[in-house]
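*Asks:* Below is input19.cif; it holds mmCIF, C-alpha atoms.
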```
data_model
loop_
_atom_site.label_atom_id
_atom_site.label_comp_id
_atom_site.auth_asym_id
_atom_site.auth_seq_id
_atom_site.Cartn_x
_atom_site.Cartn_y
_atom_site.Cartn_z
CA MET Y 29 85.30 -17.78 72.33
CA SER Y 30 82.39 -19.67 73.83
CA ALA Y 31 82.97 -23.04 75.46
CA PRO Y 32 81.83 -26.13 73.51
CA ASN Y 33 78.08 -26.60 73.79
CA PRO Y 34 77.27 -29.96 75.41
CA HIS Y 35 73.59 -29.42 74.59
CA PRO Y 36 73.17 -28.69 70.87
CA GLY Y 37 70.46 -26.17 70.17
CA GLN Y 38 70.90 -24.34 73.47
CA PRO Y 39 72.55 -20.96 72.90
CA ASP Y 40 74.79 -19.31 75.43
CA MET Y 41 72.25 -17.05 77.11
CA ASN Y 42 75.04 -14.99 78.66
CA GLU Y 43 75.81 -13.82 75.12
CA VAL Y 44 72.16 -13.44 74.08
CA ILE Y 45 71.20 -11.25 77.06
CA GLY Y 46 72.30 -7.69 76.37
CA ARG Y 47 72.73 -8.31 72.64
CA ASP Y 48 69.34 -9.47 71.36
CA ASP Y 49 65.72 -8.63 72.06
CA LEU Y 50 63.61 -11.40 73.60
CA LEU Y 51 60.09 -12.65 72.92
CA LEU Y 52 58.27 -15.06 75.22
CA LEU Y 53 54.99 -16.15 73.67
CA THR Y 54 52.75 -18.49 75.64
CA LEU Y 55 50.00 -20.13 73.61
CA ASP Y 56 47.77 -20.49 76.63
CA THR Y 57 46.14 -23.95 77.01
CA LEU Y 58 47.57 -25.45 73.78
CA ARG Y 59 47.76 -29.25 73.81
CA PHE Y 60 50.84 -30.95 72.37
CA ASP Y 61 48.91 -33.54 70.38
CA VAL Y 62 46.78 -30.97 68.59
CA ALA Y 63 49.80 -28.77 67.85
CA ALA Y 64 51.74 -31.75 66.46
CA GLU Y 65 48.85 -33.02 64.34
CA LEU Y 66 48.25 -29.64 62.72
CA LEU Y 67 51.94 -29.17 62.03
CA ALA Y 68 52.21 -32.62 60.39
CA ALA Y 69 49.16 -31.86 58.26
CA GLY Y 70 50.67 -28.63 56.96
CA ARG Y 71 48.07 -26.49 58.71
CA LEU Y 72 50.59 -24.24 60.52
CA PRO Y 73 52.70 -22.86 57.66
CA ASN Y 74 53.85 -19.70 59.41
CA LEU Y 75 54.97 -21.44 62.59
CA ALA Y 76 56.48 -24.33 60.62
CA ARG Y 77 59.04 -22.12 58.89
CA HIS Y 78 60.54 -21.15 62.25
CA LEU Y 79 60.33 -24.34 64.33
CA PRO Y 80 63.73 -26.08 64.62
CA ASN Y 81 63.75 -29.06 62.24
CA GLY Y 82 60.14 -28.15 61.45
CA GLU Y 83 58.93 -29.80 64.65
CA TRP Y 84 57.49 -28.97 68.03
CA GLU Y 85 59.52 -30.22 70.96
CA ARG Y 86 57.51 -32.33 73.40
CA ARG Y 87 57.85 -30.94 76.91
CA HIS Y 88 56.24 -31.17 80.34
CA ALA Y 89 54.50 -28.08 81.72
CA PRO Y 90 55.72 -26.63 85.03
CA GLY Y 91 52.11 -26.22 86.18
CA SER Y 92 48.63 -27.44 85.31
CA PHE Y 93 47.00 -24.00 84.96
CA THR Y 94 47.99 -20.51 83.90
CA TYR Y 95 48.85 -18.86 87.21
CA ALA Y 96 51.02 -21.69 88.56
CA SER Y 97 52.76 -22.29 85.26
CA HIS Y 98 53.61 -18.64 84.62
CA GLN Y 99 54.91 -18.14 88.15
CA ALA Y 100 57.34 -20.97 87.39
CA ILE Y 101 58.18 -19.74 83.89
CA PHE Y 102 58.97 -16.23 85.12
CA ALA Y 103 61.23 -17.80 87.76
CA GLY Y 104 63.20 -19.49 84.95
CA PHE Y 105 61.45 -22.87 84.96
CA LEU Y 106 60.34 -23.20 81.35
CA PRO Y 107 58.55 -26.39 80.25
CA THR Y 108 60.96 -29.32 80.74
CA PRO Y 109 62.02 -31.66 77.89
CA ALA Y 110 59.98 -34.86 78.12
CA THR Y 111 63.07 -37.06 78.32
CA PRO Y 112 65.21 -38.08 81.32
CA GLY Y 113 67.34 -35.19 82.58
CA PRO Y 114 68.78 -33.17 84.08
CA HIS Y 115 68.18 -30.51 81.43
CA PRO Y 116 70.17 -27.25 81.70
CA ARG Y 117 67.93 -24.22 81.82
CA LEU Y 118 68.19 -21.05 79.76
CA PHE Y 119 67.59 -18.81 82.78
CA ALA Y 120 67.97 -19.41 86.50
CA SER Y 121 67.95 -17.43 89.71
CA ARG Y 122 71.11 -18.11 91.68
CA PHE Y 123 70.34 -21.09 93.92
CA ALA Y 124 72.84 -23.28 95.75
CA GLY Y 125 72.78 -26.88 94.58
CA SER Y 126 70.78 -26.31 91.39
CA GLU Y 127 71.31 -29.26 89.05
CA THR Y 128 69.87 -27.48 86.02
CA THR Y 129 72.10 -24.39 86.08
CA ALA Y 130 74.96 -24.76 83.60
CA GLY Y 131 77.64 -22.64 81.96
CA ARG Y 132 75.31 -21.36 79.25
CA THR Y 133 72.54 -20.50 81.69
CA PHE Y 134 71.91 -16.80 82.34
CA VAL Y 135 72.09 -16.67 86.13
CA TYR Y 136 70.65 -13.72 88.04
CA ASP Y 137 70.30 -12.61 91.65
CA THR Y 138 66.71 -11.37 91.51
CA PRO Y 139 63.78 -13.72 92.26
CA ASP Y 140 62.46 -13.68 88.69
CA LEU Y 141 63.61 -13.35 85.10
CA VAL Y 142 61.54 -10.22 84.42
CA SER Y 143 63.26 -8.09 87.07
CA ALA Y 144 66.62 -9.59 86.08
CA LEU Y 145 66.18 -8.42 82.50
CA ALA Y 146 65.06 -4.98 83.71
CA ALA Y 147 68.30 -4.78 85.69
CA GLU Y 148 70.18 -5.56 82.46
CA GLY Y 149 68.57 -2.54 80.79
CA TYR Y 150 65.69 -4.24 79.02
CA ARG Y 151 62.25 -2.66 78.75
CA THR Y 152 59.97 -5.39 80.09
CA VAL Y 153 56.52 -5.44 78.49
CA CYS Y 154 53.53 -7.71 79.11
CA VAL Y 155 50.63 -7.97 76.67
CA GLY Y 156 48.14 -10.05 78.64
CA GLY Y 157 45.41 -12.37 77.50
CA VAL Y 158 43.59 -14.64 79.96
CA GLY Y 159 42.09 -13.41 83.22
CA PHE Y 160 45.25 -13.79 85.31
CA PHE Y 161 46.63 -10.81 83.34
CA ASN Y 162 43.56 -8.55 83.33
CA LYS Y 163 44.62 -6.34 86.30
CA GLN Y 164 40.98 -6.20 87.42
CA GLY Y 165 41.72 -7.45 90.92
CA ALA Y 166 44.56 -8.41 93.23
CA LEU Y 167 45.11 -11.86 91.71
CA GLY Y 168 44.91 -10.59 88.14
CA SER Y 169 47.58 -7.99 88.94
CA VAL Y 170 50.32 -10.26 90.29
CA LEU Y 171 51.78 -11.49 86.99
CA PRO Y 172 51.52 -8.25 84.99
CA GLY Y 173 52.87 -6.45 88.06
CA LEU Y 174 56.26 -8.05 87.42
CA PHE Y 175 56.68 -5.92 84.29
CA GLN Y 176 57.62 -2.28 83.82
CA ASP Y 177 54.86 -1.93 81.25
CA SER Y 178 51.73 -4.08 81.14
CA HIS Y 179 48.72 -4.03 78.83
CA TRP Y 180 45.31 -5.67 78.92
CA GLU Y 181 42.04 -4.77 77.26
CA PRO Y 182 38.76 -6.69 76.89
CA GLU Y 183 39.72 -7.03 73.21
CA PHE Y 184 42.66 -9.26 74.32
CA SER Y 185 40.50 -11.64 76.36
CA VAL Y 186 39.35 -15.21 75.87
CA ALA Y 187 35.91 -13.95 74.80
CA ALA Y 188 37.22 -11.84 71.90
CA PRO Y 189 37.32 -13.67 68.54
CA ALA Y 190 40.01 -11.29 67.20
CA ALA Y 191 42.05 -11.19 70.42
CA PHE Y 192 45.40 -12.14 68.91
CA GLU Y 193 45.14 -9.48 66.23
CA ALA Y 194 44.41 -6.87 68.90
CA GLN Y 195 47.37 -8.07 70.96
CA ILE Y 196 49.67 -7.75 67.96
CA ASP Y 197 48.36 -4.23 67.31
CA ARG Y 198 49.38 -3.28 70.85
CA ALA Y 199 52.77 -4.99 70.55
CA GLU Y 200 53.49 -3.11 67.32
CA GLN Y 201 52.61 0.16 69.05
CA VAL Y 202 54.90 -0.60 72.00
CA ILE Y 203 57.79 -1.51 69.72
CA ALA Y 204 57.34 1.58 67.56
CA GLU Y 205 57.52 3.84 70.63
CA LEU Y 206 60.63 2.21 72.13
CA PRO Y 207 63.94 4.00 71.55
CA ALA Y 208 66.02 2.10 69.01
CA GLU Y 209 68.92 1.52 71.39
CA ARG Y 210 66.73 0.08 74.19
CA ARG Y 211 66.56 -3.70 74.41
CA LEU Y 212 63.10 -5.27 74.66
CA PHE Y 213 61.70 -8.23 76.54
CA LEU Y 214 58.19 -8.74 75.20
CA PHE Y 215 55.87 -11.27 76.79
CA VAL Y 216 52.56 -12.09 75.10
CA ASN Y 217 49.99 -14.42 76.63
CA VAL Y 218 47.83 -15.61 73.73
CA SER Y 219 44.26 -16.22 74.89
CA ALA Y 220 42.80 -17.60 71.65
CA LEU Y 221 43.25 -21.32 72.48
CA HIS Y 222 41.58 -21.03 75.88
CA GLN Y 223 37.90 -21.72 76.31
CA PRO Y 224 35.69 -20.39 74.77
CA ASN Y 225 37.19 -21.12 71.35
CA TRP Y 226 34.18 -22.49 69.45
CA PHE Y 227 33.88 -19.29 67.40
CA HIS Y 228 37.13 -20.05 65.55
CA LEU Y 229 35.59 -23.02 63.70
CA PRO Y 230 33.16 -22.12 60.91
CA GLY Y 231 29.79 -23.70 61.58
CA ALA Y 232 30.42 -24.31 65.28
CA THR Y 233 27.88 -22.96 67.77
CA ARG Y 234 27.92 -21.68 71.31
CA ALA Y 235 25.42 -24.36 72.25
CA ALA Y 236 27.68 -27.16 70.97
CA GLY Y 237 30.58 -25.64 72.87
CA ASP Y 238 34.33 -26.19 72.57
CA SER Y 239 36.04 -29.32 71.29
CA ARG Y 240 39.40 -30.59 70.12
CA GLU Y 241 38.36 -29.38 66.66
CA THR Y 242 37.62 -25.83 67.78
CA HIS Y 243 40.88 -25.84 69.76
CA ALA Y 244 42.67 -26.75 66.52
CA ALA Y 245 40.85 -24.02 64.61
CA ALA Y 246 41.98 -21.49 67.21
CA LEU Y 247 45.60 -22.52 66.65
CA GLU Y 248 45.17 -22.09 62.90
CA TYR Y 249 43.83 -18.60 63.62
CA VAL Y 250 46.96 -17.80 65.62
CA ASP Y 251 49.18 -19.14 62.85
CA ARG Y 252 47.51 -16.92 60.26
CA HIS Y 253 48.59 -13.81 62.17
CA ILE Y 254 51.79 -14.80 63.97
CA GLY Y 255 54.02 -13.72 61.11
CA ARG Y 256 53.07 -10.11 61.80
CA LEU Y 257 54.23 -10.42 65.42
CA PHE Y 258 57.49 -12.09 64.40
CA ALA Y 259 58.12 -9.29 61.90
CA ALA Y 260 57.49 -6.65 64.54
CA VAL Y 261 59.85 -8.10 67.16
CA SER Y 262 62.67 -8.56 64.62
CA ALA Y 263 62.31 -5.14 62.99
CA ARG Y 264 64.87 -3.52 65.31
CA ARG Y 265 67.47 -6.26 65.80
CA ARG Y 266 67.74 -10.03 66.14
CA CYS Y 267 65.24 -11.50 68.57
CA PHE Y 268 65.47 -14.72 70.57
CA ALA Y 269 61.99 -16.22 70.64
CA ILE Y 270 60.46 -18.82 72.94
CA VAL Y 271 57.06 -20.09 71.82
CA CYS Y 272 55.36 -22.61 74.07
CA SER Y 273 52.22 -23.61 75.88
CA ASP Y 274 51.88 -23.15 79.60
CA HIS Y 275 49.63 -26.22 79.96
CA GLY Y 276 47.16 -28.19 77.90
CA THR Y 277 43.49 -28.93 78.47
CA ALA Y 278 41.19 -31.95 78.33
CA TYR Y 279 38.16 -32.35 76.08
CA GLY Y 280 36.62 -35.43 77.62
CA ASP Y 281 39.90 -37.39 77.64
CA ASP Y 282 39.38 -40.35 80.01
CA GLY Y 283 36.39 -38.47 81.37
CA PHE Y 284 38.34 -35.29 82.18
CA THR Y 285 37.44 -31.82 80.96
CA GLY Y 286 39.47 -28.64 81.42
CA HIS Y 287 42.79 -28.25 83.23
CA ARG Y 288 44.23 -27.78 86.74
CA LEU Y 289 44.32 -31.56 86.83
CA GLY Y 290 46.95 -34.26 86.31
CA HIS Y 291 46.23 -35.70 82.86
CA GLU Y 292 48.54 -36.25 79.89
CA SER Y 293 46.53 -33.78 77.81
CA VAL Y 294 47.32 -31.10 80.40
CA TRP Y 295 50.93 -31.88 81.30
CA THR Y 296 52.35 -32.41 77.80
CA VAL Y 297 52.92 -29.21 75.84
CA PRO Y 298 54.61 -27.98 72.66
CA TYR Y 299 57.78 -25.88 72.90
CA ALA Y 300 60.16 -24.16 70.49
CA GLN Y 301 63.04 -21.69 70.74
CA PHE Y 302 64.71 -19.98 67.82
CA PHE Y 303 66.26 -16.74 66.61
CA LEU Y 304 64.33 -14.31 64.46
CA GLU Y 305 66.96 -12.56 62.37
CA ALA Y 306 66.77 -8.80 62.09
CA ALA Y 307 64.93 -7.44 59.08
CA THR Y 308 67.25 -6.16 56.37
#
```
The structure given in the file should be rewritten as structure tokens.
*Replies:*
Amino acid sequence: MSAPNPHPGQPDMNEVIGRDDLLLLTLDTLRFDVAAELLAAGRLPNLARHLPNGEWERRHAPGSFTYASHQAIFAGFLPTPATPGPHPRLFASRFAGSETTAGRTFVYDTPDLVSALAAEGYRTVCVGGVGFFNKQGALGSVLPGLFQDSHWEPEFSVAAPAAFEAQIDRAEQVIAELPAERRLFLFVNVSALHQPNWFHLPGATRAAGDSRETHAAALEYVDRHIGRLFAAVSARRRCFAIVCSDHGTAYGDDGFTGHRLGHESVWTVPYAQFFLEAAT
């Protein structure tokens, strides 16, 4: 029997690992305020049905741009709850004196979560999105290089209006080819929210560029298709899903534009974790 959970909503990851499949979905560059506004307005129906209590959790990003944030995430440092801590982590490399490693934390002896899950028998798969996953140079090969199986095509990139659909197509193919008994850790970096995103808003133009409104339209695009991904990852067995942003981005907020900077619009991100029950 598991010990009492002092942190409601946090499963015992020592029971999850080895039993369930895992999905880590980063909605690259998604701002918390935009995500929360769309959810409250009923504009994210497919995500809403899975978010605990029908809400995004407000968290702080571990980095201000994709590369830094994902290096931290793959080391077990997911976005941190935006309330005073310490906050026990789901995953942690063994480290003397860690104040965020608790009884329900899955602790491993490798330097990163990806290799730890591979050691537990998982097939580790990356479906990349933004340039840090494109494998077109040394820097773009570091993060996908952590995985046993990594995928990137121009159709998955920030410049592709149907990128998320193409990423789901590839994920479905990977899942279909995996032996039924093999556990899966699937990571998908969703590029649709990242600049350029103007093409997701009807009537927007390249000349006018990106805005908070086109950012919101990109999230609605993701929501329209995310049910297909959730169905795919839960077709074999129950799947533990983490859906979050790696960082936000500024659209003229206090004079700032973009990310890799220390502004509230960049540091505050949406987060959710939940189980996707196996299809019956």
*Asks:* What does the structure give for the distance between CA of Asn42 (chain Y) and CA of Val135 (chain Y), in Å to one decimal?
*Replies:*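 CA of Val135 (chain Y) lies at a distance of 8.2 Å from CA of Asn42 (chain Y).
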*Asks:* Give me the region 214-282 of chain Y side of the contact with region 189-194 of chain Y, cut-off 7 Å, one line per residue showing its nearest atom pair and distance in Å at one decimal, counting only C-alpha atoms, sorted by chain and residue number, as a Markdown table.
*Replies:*
```
| residue | atom | partner | partner_atom | distance |
| --- | --- | --- | --- | --- |
| Y:Val218 | CA | Y:Phe192 | CA | 6.4 |
| Y:Ala220 | CA | Y:Ala191 | CA | 6.6 |
| Y:Phe227 | CA | Y:Pro189 | CA | 6.7 |
| Y:Val250 | CA | Y:Phe192 | CA | 6.7 |
| Y:His253 | CA | Y:Glu193 | CA | 6.9 |
```
*Asks:* How would you write, as a VMD selection string, the residues chosen by the PyMOL selection byres ((chain Y and resi 84-97) around 9) on this structure?
*Replies:* chain Y and resid 56 to 57 60 63 to 64 67 76 79 to 83 98 to 102 105 to 111 158 160 171 273 to 277 287 to 291 294 to 300
*Asks:* Report as AutoDock Vina command-line options the centre and the edge lengths, in Å to one decimal, of the axis-aligned box holding every listed atom of region 140-156 of chain Y, padded by 4 Å on each side.
*Replies:*
```
--center_x 59.2 --center_y -8.1 --center_z 82.7 --size_x 30.0 --size_y 19.1 --size_z 20.0
```
*Asks:* Residues within 7 Å of Tyr279 (chain Y), please, as JSON, numbers by chain. Count only C-alpha atoms; anything in the same chain fewer than 3 positions from it doesn't count.
*Replies:* {"Y": [239, 240, 284, 285, 286]}
*Asks:* Using all atoms listed in the file, can you list as a PyMOL selection string the residues within 7 Å of (61.5, -5.2, 79.1)?
*Replies:* chain Y and resi 145-146+150-153+176+212-214
*Asks:* Just give me the gap between CA of Phe184 (chain Y) and CA of Asn217 (chain Y) in Å, one decimal is fine.
*Replies:*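 Pair CA of Phe184 (chain Y) / CA of Asn217 (chain Y) returns 9.3 Å.
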*Asks:* Grab the CA of Trp180 (chain Y) to CA of Thr54 (chain Y) distance for me, in Å with one decimal place.
*Replies:* 15.2 Å
*Asks:* Restore all heavy atoms in region 156-167 of chain Y and list the result as a CSV table (one decimal), in the frame of the given file.
*Replies:*
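So out_0.csv came out as:
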```csv
chain,number,residue,atom,x,y,z
Y,156,GLY,N,48.9,-9.0,78.0
Y,156,GLY,CA,48.1,-10.0,78.6
Y,156,GLY,C,47.0,-10.6,77.8
Y,156,GLY,O,46.6,-10.0,76.8
Y,157,GLY,N,46.5,-11.7,78.2
Y,157,GLY,CA,45.4,-12.4,77.5
Y,157,GLY,C,44.3,-12.9,78.4
Y,157,GLY,O,43.3,-12.3,78.6
Y,158,VAL,N,44.6,-14.0,79.1
Y,158,VAL,CA,43.6,-14.6,80.0
Y,158,VAL,C,43.4,-13.8,81.2
Y,158,VAL,O,44.2,-12.9,81.5
Y,158,VAL,CB,43.9,-16.1,80.3
Y,158,VAL,CG1,44.1,-16.9,79.0
Y,158,VAL,CG2,45.2,-16.2,81.1
Y,159,GLY,N,42.5,-14.2,82.1
Y,159,GLY,CA,42.1,-13.4,83.2
Y,159,GLY,C,43.2,-13.1,84.2
Y,159,GLY,O,43.1,-12.1,85.0
Y,160,PHE,N,44.2,-14.0,84.3
Y,160,PHE,CA,45.2,-13.8,85.3
Y,160,PHE,C,46.1,-12.6,84.9
Y,160,PHE,O,47.0,-12.2,85.7
Y,160,PHE,CB,46.1,-15.0,85.5
Y,160,PHE,CG,45.4,-16.2,86.2
Y,160,PHE,CD1,45.1,-17.3,85.5
Y,160,PHE,CD2,45.1,-16.0,87.5
Y,160,PHE,CE1,44.5,-18.4,86.2
Y,160,PHE,CE2,44.4,-17.1,88.2
Y,160,PHE,CZ,44.1,-18.2,87.6
Y,161,PHE,N,45.9,-12.0,83.8
Y,161,PHE,CA,46.6,-10.8,83.3
Y,161,PHE,C,45.8,-9.6,83.2
Y,161,PHE,O,46.2,-8.6,82.7
Y,161,PHE,CB,47.3,-11.1,82.0
Y,161,PHE,CG,48.4,-12.2,82.1
Y,161,PHE,CD1,48.0,-13.5,81.8
Y,161,PHE,CD2,49.7,-11.9,82.5
Y,161,PHE,CE1,49.0,-14.5,81.9
Y,161,PHE,CE2,50.6,-12.9,82.6
Y,161,PHE,CZ,50.2,-14.2,82.2
Y,162,ASN,N,44.5,-9.6,83.7
Y,162,ASN,CA,43.6,-8.6,83.3
Y,162,ASN,C,43.6,-7.3,84.3
Y,162,ASN,O,43.0,-6.3,84.0
Y,162,ASN,CB,42.1,-9.1,83.2
Y,162,ASN,CG,41.6,-9.6,84.6
Y,162,ASN,OD1,42.1,-9.3,85.6
Y,162,ASN,ND2,40.5,-10.3,84.5
Y,163,LYS,N,44.4,-7.5,85.4
Y,163,LYS,CA,44.6,-6.3,86.3
Y,163,LYS,C,43.3,-5.8,86.9
Y,163,LYS,O,43.3,-4.7,87.4
Y,163,LYS,CB,45.4,-5.2,85.6
Y,163,LYS,CG,46.8,-5.6,85.1
Y,163,LYS,CD,47.6,-4.5,84.6
Y,163,LYS,CE,47.1,-3.8,83.3
Y,163,LYS,NZ,48.0,-2.8,82.8
Y,164,GLN,N,42.3,-6.6,86.9
Y,164,GLN,CA,41.0,-6.2,87.4
Y,164,GLN,C,40.8,-6.6,88.9
Y,164,GLN,O,39.7,-6.3,89.5
Y,164,GLN,CB,39.8,-6.8,86.6
Y,164,GLN,CG,39.8,-6.2,85.2
Y,164,GLN,CD,38.7,-6.8,84.3
Y,164,GLN,OE1,38.0,-7.7,84.7
Y,164,GLN,NE2,38.5,-6.2,83.2
Y,165,GLY,N,41.8,-7.1,89.5
Y,165,GLY,CA,41.7,-7.4,90.9
Y,165,GLY,C,43.1,-7.8,91.4
Y,165,GLY,O,44.1,-7.7,90.6
Y,166,ALA,N,43.2,-8.1,92.7
Y,166,ALA,CA,44.6,-8.4,93.2
Y,166,ALA,C,45.2,-9.6,92.5
Y,166,ALA,O,46.4,-9.5,92.2
Y,166,ALA,CB,44.4,-8.7,94.7
Y,167,LEU,N,44.5,-10.7,92.3
Y,167,LEU,CA,45.1,-11.9,91.7
Y,167,LEU,C,45.5,-11.6,90.3
Y,167,LEU,O,46.6,-12.0,89.8
Y,167,LEU,CB,44.2,-13.0,91.8
Y,167,LEU,CG,44.7,-14.4,91.3
Y,167,LEU,CD1,45.9,-14.8,92.2
Y,167,LEU,CD2,43.6,-15.5,91.4
```
